[in-house]
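Participant: The following file, entry39.txt, comprises compact mmCIF, C-alpha atoms:
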```txt
# COMPACT_ATOMS: atom_id res chain seq x y z
CA MET A 1246 -28.17 109.03 -32.52
CA LEU A 1247 -31.51 107.47 -31.74
CA CYS A 1248 -34.15 109.26 -29.79
CA LYS A 1249 -37.80 108.76 -29.01
CA GLY A 1250 -40.15 109.50 -31.83
CA VAL A 1251 -37.59 109.43 -34.64
CA SER A 1252 -38.83 107.35 -37.53
CA VAL A 1253 -36.73 105.73 -40.22
CA ASP A 1254 -37.39 104.57 -43.71
CA VAL A 1255 -37.57 100.81 -43.38
CA GLY A 1256 -38.40 100.06 -47.00
CA GLY A 1257 -36.09 99.38 -49.87
CA ALA A 1258 -34.02 96.42 -50.92
CA THR A 1259 -31.28 97.08 -48.39
CA GLY A 1260 -33.62 97.92 -45.52
CA PHE A 1261 -35.77 96.00 -43.13
CA ASP A 1262 -37.10 93.36 -45.52
CA GLU A 1263 -33.75 92.07 -46.66
CA LEU A 1264 -32.30 91.97 -43.17
CA TYR A 1265 -35.46 90.44 -41.76
CA GLU A 1266 -35.46 87.67 -44.37
CA GLU A 1267 -31.88 86.91 -43.49
CA VAL A 1268 -32.06 86.80 -39.70
CA GLY A 1269 -35.43 88.00 -38.43
CA PRO A 1270 -37.26 84.80 -37.40
CA ARG A 1271 -34.17 83.16 -35.85
CA LEU A 1272 -33.28 86.31 -33.96
CA TRP A 1273 -36.87 86.67 -32.76
CA ARG A 1274 -36.96 83.08 -31.46
CA SER A 1275 -33.56 83.53 -29.79
CA ILE A 1276 -34.84 86.59 -27.95
CA LEU A 1277 -38.13 84.82 -27.17
CA ALA A 1278 -36.13 82.02 -25.54
CA PHE A 1279 -33.92 84.51 -23.68
CA ALA A 1280 -36.99 86.40 -22.47
CA GLY A 1281 -38.65 83.20 -21.31
CA GLY A 1282 -41.56 83.49 -23.76
CA ARG A 1283 -42.43 87.16 -23.25
CA ARG A 1284 -43.72 87.95 -26.69
CA ASP A 1285 -44.38 91.65 -26.20
CA LEU A 1286 -40.92 92.27 -24.86
CA THR A 1287 -39.48 90.21 -27.71
CA ASP A 1288 -41.33 92.19 -30.40
CA ASP A 1289 -40.22 95.50 -28.85
CA VAL A 1290 -36.62 94.44 -28.51
CA VAL A 1291 -36.35 92.96 -31.99
CA ALA A 1292 -37.95 96.04 -33.58
CA GLU A 1293 -35.59 98.31 -31.63
CA ALA A 1294 -32.57 96.21 -32.61
CA PHE A 1295 -33.55 96.41 -36.29
CA LEU A 1296 -34.07 100.15 -35.92
CA ARG A 1297 -30.64 100.71 -34.40
CA THR A 1298 -28.95 98.44 -36.93
CA LEU A 1299 -30.60 100.14 -39.89
CA GLU A 1300 -29.79 103.56 -38.45
CA SER A 1301 -26.16 102.56 -38.16
CA GLY A 1302 -26.05 101.97 -41.92
CA ASN A 1303 -22.59 101.41 -43.31
CA ASN A 1304 -20.90 102.04 -39.98
CA VAL A 1305 -21.58 98.41 -39.09
CA ARG A 1306 -19.32 95.83 -40.71
CA ASP A 1307 -21.33 92.72 -39.84
CA ARG A 1308 -24.99 93.72 -39.57
CA ARG A 1309 -26.13 90.27 -38.47
CA ALA A 1310 -23.71 90.07 -35.56
CA TYR A 1311 -24.45 93.67 -34.59
CA LEU A 1312 -28.19 92.99 -34.68
CA TYR A 1313 -27.85 89.98 -32.39
CA ARG A 1314 -25.62 91.85 -29.94
CA VAL A 1315 -27.93 94.86 -29.75
CA ALA A 1316 -31.00 92.69 -29.37
CA PHE A 1317 -29.55 90.63 -26.52
CA ARG A 1318 -28.29 93.69 -24.68
CA LEU A 1319 -31.65 95.40 -24.97
CA ALA A 1320 -33.42 92.24 -23.86
CA ALA A 1321 -31.13 91.86 -20.84
CA GLN A 1322 -31.77 95.50 -19.94
CA GLU A 1323 -35.53 95.08 -20.26
CA LEU A 1324 -35.56 91.85 -18.24
CA ALA A 1325 -33.58 93.55 -15.48
CA ARG A 1326 -35.97 96.49 -15.54
CA ALA A 1327 -39.01 94.18 -15.41
CA SER A 1328 -37.42 92.25 -12.56
CA ASP A 1329 -36.53 95.44 -10.61
CA SER A 1330 -40.03 96.81 -10.82
CA SER A 1331 -41.74 93.44 -10.31
CA GLN A 1332 -43.45 93.94 -13.64
CA ILE A 1333 -43.10 90.40 -14.88
CA PRO A 1334 -45.19 90.11 -18.03
CA GLU A 1335 -47.26 87.06 -18.70
CA VAL A 1336 -45.65 84.28 -20.63
CA ALA A 1337 -46.84 84.11 -24.20
CA MET A 1338 -48.07 81.15 -26.22
CA GLN A 1339 -50.29 79.77 -23.48
CA ASP A 1340 -52.62 78.30 -26.07
CA ASP A 1341 -50.11 75.61 -27.06
CA PRO A 1342 -49.57 73.03 -24.27
CA GLY A 1343 -46.32 71.72 -25.77
CA ILE A 1344 -44.80 75.15 -26.04
CA THR A 1345 -46.10 76.11 -22.61
CA GLU A 1346 -44.34 73.11 -21.09
CA LEU A 1347 -41.15 74.08 -22.91
CA PHE A 1348 -41.33 77.65 -21.64
CA ASP A 1349 -42.09 76.46 -18.11
CA ALA A 1350 -38.87 74.44 -18.32
CA LEU A 1351 -36.94 77.30 -19.93
CA LEU A 1352 -38.03 79.65 -17.15
CA SER A 1353 -36.18 77.49 -14.64
CA LEU A 1354 -32.97 78.42 -16.50
CA SER A 1355 -31.29 81.79 -16.19
CA PRO A 1356 -31.63 84.10 -19.23
CA CYS A 1357 -28.01 83.40 -20.20
CA GLU A 1358 -28.51 79.65 -19.93
CA ARG A 1359 -31.66 79.87 -22.07
CA ALA A 1360 -29.95 81.97 -24.71
CA ALA A 1361 -26.82 79.82 -24.78
CA VAL A 1362 -28.81 76.60 -25.17
CA TYR A 1363 -31.00 78.00 -27.94
CA LEU A 1364 -28.16 79.65 -29.86
CA ARG A 1365 -26.03 76.51 -29.61
CA TYR A 1366 -28.56 73.79 -30.35
CA GLN A 1367 -31.10 75.52 -32.59
CA VAL A 1368 -29.18 78.31 -34.29
CA ASP A 1369 -26.06 76.12 -34.33
CA LEU A 1370 -23.67 78.94 -33.47
CA PRO A 1371 -20.14 78.18 -32.26
CA ILE A 1372 -19.38 78.92 -28.62
CA GLY A 1373 -17.13 81.86 -29.50
CA LYS A 1374 -19.95 83.58 -31.37
CA ILE A 1375 -22.38 82.97 -28.53
CA ALA A 1376 -19.90 84.48 -26.09
CA ASP A 1377 -19.62 87.52 -28.34
CA ILE A 1378 -23.39 87.92 -28.57
CA LEU A 1379 -23.92 87.53 -24.83
CA GLY A 1380 -20.95 89.73 -23.96
CA SER A 1381 -19.44 86.83 -22.07
CA SER A 1382 -16.45 84.48 -22.25
CA ALA A 1383 -16.28 81.07 -23.93
CA GLY A 1384 -15.74 79.45 -20.55
CA ALA A 1385 -18.82 81.09 -19.08
CA VAL A 1386 -20.88 80.03 -22.11
CA ARG A 1387 -19.75 76.41 -21.60
CA VAL A 1388 -20.89 76.60 -18.00
CA HIS A 1389 -24.24 78.11 -19.11
CA LEU A 1390 -24.62 75.30 -21.63
CA PHE A 1391 -23.77 72.62 -19.11
CA ARG A 1392 -26.20 73.96 -16.53
CA GLY A 1393 -28.89 74.60 -19.11
CA ARG A 1394 -28.65 71.07 -20.53
CA ARG A 1395 -28.71 69.57 -17.05
CA LYS A 1396 -31.85 71.47 -16.04
CA LEU A 1397 -33.67 70.79 -19.31
CA ALA A 1398 -32.76 67.10 -19.19
CA ALA A 1399 -34.11 66.89 -15.62
CA LEU A 1400 -37.35 68.65 -16.54
CA LEU A 1401 -38.05 67.41 -20.05
CA GLY A 1402 -36.11 64.16 -20.17
CA GLY A 1403 -33.09 63.16 -22.19
CA MET A 1404 -29.39 63.28 -21.61
CA ASN A 1405 -27.13 66.07 -20.46
CA ASP A 1406 -24.56 65.60 -23.18
CA GLU A 1407 -23.06 67.65 -25.97
CA MET B 652 -32.26 62.80 -30.38
CA ASN B 653 -32.81 63.67 -26.72
CA ASP B 654 -36.24 64.64 -25.45
CA TRP B 655 -35.32 68.15 -24.37
CA ARG B 656 -33.74 68.79 -27.74
CA GLN B 657 -36.87 67.65 -29.55
CA GLN B 658 -38.93 69.97 -27.39
CA LEU B 659 -36.48 72.82 -27.87
CA ALA B 660 -36.90 72.35 -31.61
CA GLU B 661 -40.62 72.96 -31.08
CA LEU B 662 -39.71 76.57 -30.49
CA ASP B 663 -39.19 76.88 -34.22
CA ARG B 664 -42.93 76.39 -34.66
CA THR B 665 -43.49 79.81 -33.12
CA GLU B 666 -43.68 82.50 -35.77
CA PRO B 667 -42.95 86.17 -35.24
CA ASP B 668 -45.50 88.68 -36.44
CA ARG B 669 -43.42 90.39 -39.06
CA GLU B 670 -45.88 93.21 -39.64
CA ALA B 671 -46.13 93.95 -35.91
CA ILE B 672 -42.36 94.25 -35.74
CA ARG B 673 -42.34 96.47 -38.82
CA ARG B 674 -45.04 98.71 -37.32
CA ARG B 675 -43.14 99.07 -34.04
CA LEU B 676 -39.99 99.85 -35.97
CA GLU B 677 -41.75 102.52 -38.03
CA GLU B 678 -43.08 104.14 -34.85
CA GLY B 679 -39.49 104.82 -33.81
CA SER B 680 -37.53 104.06 -30.69
CA ARG B 681 -39.51 103.03 -27.61
CA PHE B 682 -36.42 102.68 -25.50
CA PRO B 683 -34.91 105.50 -23.49
CA ASP B 684 -31.72 107.04 -24.70
CA PRO B 685 -29.01 104.93 -23.09
CA ILE B 686 -27.10 107.99 -21.80
CA GLU B 687 -30.25 109.58 -20.35
CA ALA B 688 -31.28 106.23 -18.90
CA ARG B 689 -27.99 106.05 -17.04
CA ARG B 690 -28.25 109.64 -15.84
CA GLU B 691 -31.76 109.46 -14.43
CA PRO B 692 -31.14 106.74 -11.84
CA ARG B 693 -27.93 108.47 -10.78
CA ILE B 694 -29.80 111.70 -10.06
CA ALA B 695 -32.49 109.76 -8.19
CA VAL B 696 -29.91 107.91 -6.10
CA ILE B 697 -28.08 111.14 -5.23
CA THR B 698 -31.36 112.82 -4.23
CA VAL B 699 -32.43 109.92 -2.00
CA ALA B 700 -28.97 109.71 -0.41
CA THR B 701 -28.99 113.44 0.30
CA VAL B 702 -32.43 113.29 1.93
CA ILE B 703 -31.37 110.31 4.09
CA ALA B 704 -28.16 112.08 5.14
CA ILE B 705 -30.03 115.26 6.12
CA ALA B 706 -32.61 113.24 8.06
CA ALA B 707 -29.86 111.33 9.91
CA MET B 708 -28.08 114.56 10.83
CA ALA B 709 -31.35 116.07 12.07
CA LEU B 710 -32.00 113.01 14.26
CA LEU B 711 -28.50 113.20 15.73
CA PHE B 712 -28.91 116.89 16.45
CA VAL B 713 -32.22 116.28 18.25
CA ALA B 714 -30.71 113.41 20.25
CA PHE B 715 -27.79 115.56 21.44
CA ARG B 716 -30.02 118.52 22.30
CA ASN B 717 -32.43 116.42 24.39
CA GLN B 718 -29.67 114.76 26.43
CA PRO B 719 -27.18 117.45 27.42
CA GLY B 720 -23.91 116.08 28.65
CA ALA B 721 -24.74 112.55 27.64
CA SER B 722 -22.88 110.96 24.80
CA SER B 723 -24.99 109.38 22.15
CA PRO B 724 -25.00 105.59 22.28
CA ALA B 725 -23.05 103.70 19.70
CA PRO B 726 -25.40 102.32 17.08
CA ALA B 727 -26.10 98.62 17.59
CA ALA B 728 -24.99 96.26 14.88
CA THR B 729 -27.95 95.21 12.81
CA GLY B 730 -28.41 92.26 10.52
CA PRO B 731 -26.05 89.42 9.78
CA ALA B 732 -22.39 90.07 9.17
CA SER B 733 -21.49 90.48 5.54
CA THR B 734 -20.07 87.41 3.91
CA MET B 735 -17.41 89.70 2.50
CA ALA B 736 -16.14 90.64 5.96
CA PRO B 737 -12.62 89.31 6.43
CA VAL B 738 -12.31 86.56 9.03
CA ALA B 739 -9.38 84.43 10.17
CA PRO B 740 -9.13 81.43 7.87
CA PRO B 741 -9.31 77.96 9.47
CA CYS B 742 -6.88 76.61 6.86
CA PRO B 743 -3.34 77.67 5.90
CA VAL B 744 -2.79 80.59 3.53
CA THR B 745 -1.09 79.44 0.33
CA ASP B 746 0.25 81.20 -2.75
CA SER B 747 -0.90 78.64 -5.31
CA PRO B 748 -3.70 76.52 -3.86
CA LEU B 749 -4.14 73.03 -5.22
CA LEU B 750 -7.54 71.37 -5.01
CA GLY B 751 -7.78 67.65 -5.46
CA GLU B 752 -10.98 66.37 -6.97
CA ALA B 753 -11.70 62.82 -5.92
CA GLY B 754 -14.64 61.61 -7.94
CA VAL B 755 -17.25 64.31 -7.59
CA SER B 756 -15.88 65.95 -4.42
CA PHE B 757 -13.02 68.28 -3.65
CA THR B 758 -10.39 67.01 -1.22
CA THR B 759 -10.83 70.17 0.86
CA ASP B 760 -13.59 72.67 1.46
CA CYS B 761 -11.25 75.42 2.64
CA LEU B 762 -8.75 77.56 0.74
CA ALA B 763 -7.00 80.70 1.90
CA ILE B 764 -5.06 83.17 -0.22
CA VAL B 765 -3.54 86.63 0.13
CA ALA B 766 -5.57 89.67 -0.89
CA HIS B 767 -4.64 91.95 -3.79
CA ARG B 768 -2.28 89.36 -5.27
CA PRO B 769 -2.93 87.46 -8.53
CA THR B 770 -3.31 83.80 -7.61
CA THR B 771 -3.77 80.58 -9.53
CA ILE B 772 -6.01 77.86 -8.14
CA THR B 773 -5.44 74.47 -9.71
CA VAL B 774 -7.84 71.55 -9.57
CA LYS B 775 -6.22 68.17 -10.13
CA ALA B 776 -9.09 66.01 -11.22
CA GLY B 777 -9.58 62.44 -12.28
CA PHE B 778 -6.06 61.10 -11.97
CA GLU B 779 -7.16 58.33 -9.65
CA PRO B 780 -8.11 54.99 -11.22
CA GLY B 781 -11.80 54.90 -12.07
CA ASN B 782 -12.23 58.67 -11.75
CA ASP B 783 -11.45 59.65 -15.30
CA ARG B 784 -13.86 60.95 -17.92
CA LEU B 785 -15.75 63.08 -15.42
CA GLN B 786 -16.40 66.73 -16.25
CA HIS B 787 -15.02 69.44 -14.00
CA SER B 788 -14.89 73.18 -13.76
CA LEU B 789 -14.26 75.77 -11.05
CA LEU B 790 -16.13 78.93 -10.15
CA VAL B 791 -15.28 81.52 -7.51
CA CYS B 792 -18.26 83.51 -6.26
CA SER B 793 -19.07 86.21 -3.76
CA ASP B 794 -21.98 84.25 -2.28
CA LYS B 795 -22.73 80.64 -1.59
CA ASP B 796 -25.48 80.31 -4.22
CA CYS B 797 -22.90 81.11 -6.88
CA ASN B 798 -25.50 82.45 -9.26
CA GLU B 799 -24.49 84.44 -12.31
CA ALA B 800 -24.52 87.78 -10.54
CA SER B 801 -22.10 86.59 -7.88
CA GLN B 802 -19.63 84.78 -10.13
CA ILE B 803 -16.21 86.40 -10.01
CA ALA B 804 -14.17 83.98 -12.11
CA GLY B 805 -14.63 80.61 -13.74
CA THR B 806 -13.00 78.06 -16.00
CA ASP B 807 -14.13 76.01 -18.96
CA VAL B 808 -15.74 72.66 -18.30
CA THR B 809 -13.06 70.03 -18.95
CA THR B 810 -13.09 66.26 -18.95
CA SER B 811 -10.71 64.51 -16.57
CA PRO B 812 -8.02 63.49 -16.18
CA ALA B 813 -7.28 67.18 -16.34
CA LEU B 814 -5.84 70.13 -14.50
CA VAL B 815 -8.42 72.87 -14.19
CA VAL B 816 -6.56 76.15 -13.80
CA LEU B 817 -8.26 79.30 -12.56
CA ASN B 818 -6.34 82.56 -12.61
CA LEU B 819 -7.66 85.08 -10.10
CA GLN B 820 -6.81 88.73 -10.16
CA GLY B 821 -6.06 90.21 -6.75
CA LEU B 822 -9.23 89.94 -4.67
CA GLU B 823 -10.33 92.22 -1.88
CA PRO B 824 -10.06 90.72 1.62
CA GLY B 825 -13.16 88.77 2.60
CA THR B 826 -14.91 85.44 2.41
CA TYR B 827 -15.70 83.96 -0.97
CA PHE B 828 -16.97 80.60 -2.14
CA PHE B 829 -15.79 78.12 -4.73
CA GLU B 830 -17.59 75.29 -6.42
CA ASP B 831 -17.39 72.92 -9.30
CA PRO B 832 -20.60 73.84 -11.17
CA VAL B 833 -20.70 70.33 -12.60
CA HIS B 834 -20.88 68.84 -9.09
CA PRO B 835 -22.03 71.81 -7.01
CA VAL B 836 -23.54 69.79 -4.17
CA THR B 837 -20.45 67.75 -3.37
CA ALA B 838 -17.60 69.87 -4.69
CA ASN B 839 -17.64 73.26 -3.02
CA GLY B 840 -15.97 75.23 -0.25
CA THR B 841 -14.99 78.56 1.21
CA LEU B 842 -12.19 80.76 -0.06
CA TYR B 843 -10.73 83.09 2.55
CA VAL B 844 -8.89 86.14 1.21
CA VAL B 845 -6.77 87.76 3.87
CA ASP B 846 -4.43 90.74 4.12
CA GLU B 847 -0.76 89.95 3.74
CA SER B 848 0.11 90.81 7.34
```
Let's see the structure in the file written out as structure tokens.
Facilitator:
Amino acid sequence: MLCKGVSVDVGGATGFDELYEEVGPRLWRSILAFAGGRRDLTDDVVAEAFLRTLESGNNVRDRRAYLYRVAFRLAAQELARASDSSQIPEVAMQDDPGITELFDALLSLSPCERAAVYLRYQVDLPIGKIADILGSSAGAVRVHLFRGRRKLAALLGGMNDE
Amino acid sequence: MNDWRQQLAELDRTEPDREAIRRRLEEGSRFPDPIEARREPRIAVITVATVIAIAAMALLFVAFRNQPGASSPAPAATGPASTMAPVAPPCPVTDSPLLGEAGVSFTTDCLAIVAHRPTTITVKAGFEPGNDRLQHSLLVCSDKDCNEASQIAGTDVTTSPALVVLNLQGLEPGTYFFEDPVHPVTANGTLYVVDES
């Protein structure tokens, strides 16, 4: 069981480094998209998800899937908390105009729409997997994708197609 | 490639700070224990509710004591009526509602079903000449905005000609809303859920 202040050994071939090499950057960008560019929140959530996954050890059959699920649930929880307390952090990456424009557009999508679009079109995950990660149904993910594409196409140009 | 997809791909230029993540991880959990996190708000809610209840009882007591013999006035209704309040439907109640979708609009903006009874709503879309190859879906929501929090049930997005079938579990009596999220402006309506009597 995890509790505040407990540290874990993150070294070793089967620890953080191996798992990070495998999924770290993609997971981080997925959460960054979900969180609408909030880098601090993303770092916290990703670190916590790695911590919980590594703590779970051999109890987890598919560490990658578990890591994604934990990270998205933590991120959703943190976004809800930030929203409840009106503590909306500043959007990161303001020094890059292209990325800023992208995040401005992404912020007009709901978190689920952002995550679905990124996981589908950048991580190339099938809809069933995305539904599993987001704790949703395939039908709902298709609706998120449709709405997300439509909004992004209206804001950034391009077509709302598959 | 589409413009938004090119720009989305730009996200891959952002790089996580691996060492920062490692440091945070080594510091241990920053997140509250999920069980404790659930308990704390519950205690807070119970405390606030108790204080409000005591205050209300005290106010009632004072009101009765200051006006002997007089009955306290009934509290006035405040605020708009809840959208979930049951009202008489302006359209007939049916067991298996059928929605036609003509182009990008529904053929009706009113459905009425019986409460607490599983019901199937079918959308018959794109069977008219010239109306095929449009995408359709159906959402039922507790409010008119039909945002994620208010969505009760939904179907996959399908390309017509197609029957879009939405199976609803028994709903509580009240007023709900339906829309095709692909054409939300033109294809939407009100779903009335009424008691069997």
Participant: Let me make sure I understand: among B:Ile803, B:Leu819, B:Ala813, B:Leu762, which one has the smallest atom-to-atom distance to chain A if we use all atoms listed in the file?
Facilitator: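 The shortest atom-to-atom distance to chain A comes from B:Ile803.
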Participant: Find the spatial neighbours of Arg664 in chain B, counting all atoms listed in the file, within a cut-off of 9 Å - ignore same-chain residues fewer than 3 positions away - and output them as a list in words.
Facilitator: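 That gives Ile1344 of chain A; Ala660 and Glu661 of chain B.
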Participant: Closest to Leu789 in chain B among B:Ser801, B:Thr759, B:Thr771, B:Thr806, using only C-alpha atoms?
Facilitator: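 Between B:Ser801, B:Thr759, B:Thr771, B:Thr806, the residue approaching Leu789 in chain B most closely is B:Thr806.
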Participant: Which residues are near Trp1273 in chain A? Cut-off 7 Å, all atoms listed in the file, ignore same chain within fewer than 6 positions. Put them as a list in words.
Facilitator: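 The residues that qualify are Thr1287 and Val1291 of chain A; Pro667 of chain B.
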Participant: Those same residues, written as an mmCIF file, in the coordinates of the input with C-alpha atoms?
Facilitator:
```
data_model
loop_
_atom_site.group_PDB
_atom_site.id
_atom_site.type_symbol
_atom_site.label_atom_id
_atom_site.label_comp_id
_atom_site.auth_asym_id
_atom_site.auth_seq_id
_atom_site.Cartn_x
_atom_site.Cartn_y
_atom_site.Cartn_z
ATOM 1 C CA THR A 1287 -39.480 90.210 -27.710
ATOM 2 C CA VAL A 1291 -36.350 92.960 -31.990
ATOM 3 C CA PRO B 667 -42.950 86.170 -35.240
#
```
Participant: Just checking: using all atoms listed in the file, which residue out of B:Gly751, B:Pro835, B:Pro812, B:Gly679 ends up closest to Leu1296 in chain A?
Facilitator: B:Gly679
Participant: Between B:Glu670, B:Cys761, B:Phe828, B:Glu677, which residue has the minimum interatomic distance to Ala739 in chain B, considering all atoms listed in the file?
Facilitator: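 That would be B:Cys761, the residue with the smallest distance to Ala739 in chain B.
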Participant: Grab the CA of Lys795 in chain B to CA of Leu1352 in chain A distance for me, in Å with one decimal place.
Facilitator: 21.8 Å
Participant: List as a PDB file with C-alpha atoms, in the coordinates of the input the protein and nucleic acid residues near range 654-657 of chain B, meaning an atom at most 7 Å away when only C-alpha atoms are counted, but skip any in the same chain fewer than 5 places from it.
Facilitator:
```
ATOM      1  CA  LEU A1397     -33.670  70.790 -19.310  1.00  0.00           C
ATOM      2  CA  ALA A1398     -32.760  67.100 -19.190  1.00  0.00           C
ATOM      3  CA  LEU A1401     -38.050  67.410 -20.050  1.00  0.00           C
ATOM      4  CA  GLY A1402     -36.110  64.160 -20.170  1.00  0.00           C
ATOM      5  CA  GLY A1403     -33.090  63.160 -22.190  1.00  0.00           C
TER       6      GLY A1403
END
```
